[in-house]
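This report refers to the structure that appears directly beneath it.
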Amino acid sequence: MINKSLLLTYLYLLIYVTLSSGVILYNKWVLSPKYFNFPFPITLTMIHMGFSGAVAFLLVRVFKVVSPVKMTFEIYATCVIPISAFFASSLWFGNTAYLHISVAFIQMLKALMPVATFLMAVLCGTDKLRWDVFSNMLLVSVGVVVSSYGEIHFNVVGTVYQVTGIFAEALRLVLTQVLLQKKGLTLNPITSLYYIAPCSFMFLFVPWYFLEKPGMEVSQIQFNFWIFFSNAICALALNFSIFLVIGRTGAVTIRVAGVLKDWILIALSTVVFPESTITGLNIIGYAIALCGVVMYNYLKVKDVRASQLPLDSIPERIAKDWKLEKKSSDLQTPDSSNGVTSSASDPNLDEEAPLIPSSRLSYIGRTQLSSQGG
């Protein structure tokens with residue numbers, strides 16, 4: 001007999017992989033001069049943020065699906081604003097890379113995500129320099145260099161944009177841990193979009209005004225409402241699919257799903273965009289990088305398991321977990337229908353999701369699965 005719960009988990013994973021891959025390919029198609037020809041990545045990202053923020057506002061303030069958290073000015077100024085700034089930057093740089101390099105090569109560069117996150121965590125003091133992890137990071141870096149060397153259409157500008165976006169995202173993740181978790185604040189997908197999306201929109205407005213607005217005034221722009229509306233819907237749906245996946249799976253499953261998604265996306269992108277050529281050196285380099293990522297993920301999962309108390313009985317563990325969560329209950333939203341008040345800031349997941357991890361997912365929030373830009 002088929003286990004319905006397991007079937008539902010696989011369904012959620014399928015939805016996540018489909019939406020994540022679809023949003024990346026859709027963004028590339030919209031931005032690429034060879035296809036829809038809307039070469040304004042900041043504008044596209046602002047559409048996503050504006051739409052997500054508006055939907056979140058309706059759900060929180062009008063339909064009251066969830067309640068807002070107790071957000072003070074101090075928390076907003078010291079936590080939400082800096083996190084939103086780096087979130088907006090990562091989306092801006094990541095989406096701009098689509099104008100210069102292929103989807104396949106972007107996914108290969110994203111193998112650097114755990115390297116960037118580890119370096120930022122060490123610099124910010126949230127992680128220690130460990131030689132076993134450092135050696136894995138070197139392996140990932142070597143793999144990415146080999147993959148880059150094998151890239152036929154290598155573009156320095158696009159590569160710099162993508163790598164800068166990766167480091168901006170890594171810094172956002174570390175700031176999330178340092179700033180929000182210290183204050184005991186956790187947000188679900190709706191409340192995180194409610195607070196972060198409008199703030200990110202405002203940060204994006206400044207570079208948009210100086211960099212894209214003048215070009216939009218003089219060029220012939222294709223603006224198809226249904227294209228942009230469906231694109232924004234897909235990006236929003238991706239946020240919720242990530243939450244569903246995290247609510248039903250563990251760290252290992254999420255990472256495996258992300259690696260699988262990367263391979264599928266690399267293969268699909270060469271079909272959808274025939275100009276994307278993959279060389280043997282690309283594959284060899286990415287495989288080397290992937291070995292480092294897998295080893296890194298293994299070490300992190302091992303750390304999570306080691307941090308648990310095996311000598312405790314199950315009732316004692318439940319009681320301890322309940323007490324820990326109770327301490328921050330005044331700042332948590334009461335709805336958490338999946339039993340997970342955290343969000344998916346996992347770089348294993350997607351940059352489109354500004355969702356914030358709780359302490360239960362702090363290790364997951366520092367590892368790599370991949371992501372889509374904007």
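How things are named: the first chain in the structure tokens is A, the next is B, and so on; residues count from 1 in each chain; ligands count from 1 in the order shown.
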Applying 9 Å and only C-alpha atoms, which residues near region 210-220 of chain A remain after dropping the ones on its own chain fewer than 4 positions away? List them as a list in words. Phe40, Pro41, Ile42, Thr43, Phe205 and Val206 of chain A
Selection near Tyr296 (chain A), 10 Å with only C-alpha atoms, sequence-local residues under 5 positions removed, as a PyMOL selection string: chain A and resi 114-115+132-137+140+290-291+301-302+367-368
Please provide the set of residues having any atom within 7 Å of Gly285 (chain A), restricted to only C-alpha atoms, with same-chain residues fewer than 4 positions apart removed, written as a list in words. Gly143, Val144, Val146, Ser147, Leu281 and Ala289 of chain A
Would you mind exporting the chosen residues as a PDB file, in the first residue's frame, restricted to all heavy atoms?
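Output below, filename selection24.pdb:
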ATOM      1  N   GLY A 143      37.000  23.082  -8.656  1.00  0.00           N
ATOM      2  CA  GLY A 143      36.014  22.601  -9.629  1.00  0.00           C
ATOM      3  C   GLY A 143      35.383  23.723 -10.425  1.00  0.00           C
ATOM      4  O   GLY A 143      35.212  23.619 -11.647  1.00  0.00           O
ATOM      5  N   VAL A 144      35.037  24.825  -9.742  1.00  0.00           N
ATOM      6  CA  VAL A 144      34.426  25.962 -10.421  1.00  0.00           C
ATOM      7  C   VAL A 144      35.422  26.621 -11.389  1.00  0.00           C
ATOM      8  O   VAL A 144      35.053  27.032 -12.497  1.00  0.00           O
ATOM      9  CB  VAL A 144      33.899  26.998  -9.395  1.00  0.00           C
ATOM     10  CG1 VAL A 144      33.460  28.287 -10.093  1.00  0.00           C
ATOM     11  CG2 VAL A 144      32.737  26.413  -8.607  1.00  0.00           C
ATOM     12  N   VAL A 146      37.900  25.090 -12.949  1.00  0.00           N
ATOM     13  CA  VAL A 146      38.014  24.174 -14.096  1.00  0.00           C
ATOM     14  C   VAL A 146      36.806  24.330 -15.011  1.00  0.00           C
ATOM     15  O   VAL A 146      36.933  24.403 -16.243  1.00  0.00           O
ATOM     16  CB  VAL A 146      38.140  22.701 -13.621  1.00  0.00           C
ATOM     17  CG1 VAL A 146      38.037  21.739 -14.811  1.00  0.00           C
ATOM     18  CG2 VAL A 146      39.459  22.484 -12.892  1.00  0.00           C
ATOM     19  N   SER A 147      35.610  24.412 -14.405  1.00  0.00           N
ATOM     20  CA  SER A 147      34.374  24.570 -15.180  1.00  0.00           C
ATOM     21  C   SER A 147      34.395  25.888 -15.950  1.00  0.00           C
ATOM     22  O   SER A 147      33.972  25.952 -17.105  1.00  0.00           O
ATOM     23  CB  SER A 147      33.170  24.514 -14.248  1.00  0.00           C
ATOM     24  OG  SER A 147      31.970  24.587 -14.971  1.00  0.00           O
ATOM     25  N   LEU A 281      34.850  19.764 -20.252  1.00  0.00           N
ATOM     26  CA  LEU A 281      35.552  20.399 -19.134  1.00  0.00           C
ATOM     27  C   LEU A 281      34.563  21.048 -18.167  1.00  0.00           C
ATOM     28  O   LEU A 281      34.803  21.076 -16.951  1.00  0.00           O
ATOM     29  CB  LEU A 281      36.540  21.440 -19.675  1.00  0.00           C
ATOM     30  CG  LEU A 281      37.820  21.704 -18.859  1.00  0.00           C
ATOM     31  CD1 LEU A 281      38.534  20.410 -18.532  1.00  0.00           C
ATOM     32  CD2 LEU A 281      38.730  22.663 -19.606  1.00  0.00           C
ATOM     33  N   ALA A 289      33.431  20.147  -8.258  1.00  0.00           N
ATOM     34  CA  ALA A 289      32.814  21.076  -7.310  1.00  0.00           C
ATOM     35  C   ALA A 289      31.704  20.391  -6.524  1.00  0.00           C
ATOM     36  O   ALA A 289      31.556  20.596  -5.310  1.00  0.00           O
ATOM     37  CB  ALA A 289      32.261  22.297  -8.050  1.00  0.00           C
TER      38      ALA A 289
END
Can I get the residues of region 163-234 of chain A within 7 Å of region 47-69 of chain A, each with the closest pair of atoms and their distance in Å to one decimal, using only C-alpha atoms, sorted chain first then ascending number, as a tab-separated table?
residue	atom	partner	partner_atom	distance
A:Ile190	CA	A:Ala56	CA	5.5
A:Thr191	CA	A:Pro68	CA	6.3
A:Leu193	CA	A:Gly53	CA	5.8
A:Tyr194	CA	A:Ala56	CA	4.9
A:Ala197	CA	A:Met49	CA	5.0
A:Pro198	CA	A:Gly53	CA	5.6
A:Ser200	CA	A:Met49	CA	7.0
A:Phe201	CA	A:Met49	CA	5.7
A:Ala232	CA	A:His48	CA	5.1
Quick one: residues within 10 Å of Thr277 (chain A), only C-alpha atoms, excluding same-chain residues fewer than 4 positions away - as a count of residues only? 11
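For the choices A:Trp29, A:Tyr98, A:Trp208, A:Phe87, the atom-to-atom distance to Leu175 (chain A) is smallest for A:Phe87 when using only C-alpha atoms.
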How would you write, as JSON, numbers by chain, the set of residues in region 222-318 of chain A that DSSP gives as alpha helix (DSSP H)? {"A": [225, 226, 227, 228, 229, 230, 231, 232, 233, 234, 235, 236, 237, 238, 239, 240, 241, 242, 243, 244, 245, 246, 247, 248, 251, 252, 253, 254, 255, 256, 257, 258, 259, 260, 261, 262, 263, 264, 265, 266, 267, 268, 269, 270, 271, 272, 280, 281, 282, 283, 284, 285, 286, 287, 288, 289, 290, 291, 292, 293, 294, 295, 296, 297, 298, 299, 300, 301, 302, 303, 304, 305, 306, 307, 314, 315, 316, 317, 318]}
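Closest approach to Gly150 (chain A) from the set A:Met108, A:Val163, A:Val23, A:Ala170 is made by A:Met108, with distances taken over only C-alpha atoms.
Between CA of Ile254 (chain A) and CA of Val293 (chain A) the separation is 13.4 Å.
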Residues at most 12 Å from Tyr161 (chain A), counting only C-alpha atoms, excluding those fewer than 6 positions away in the same chain, as a VMD selection string? chain A and resid 41 89 to 101 106 109 to 110 155 167 to 168 373
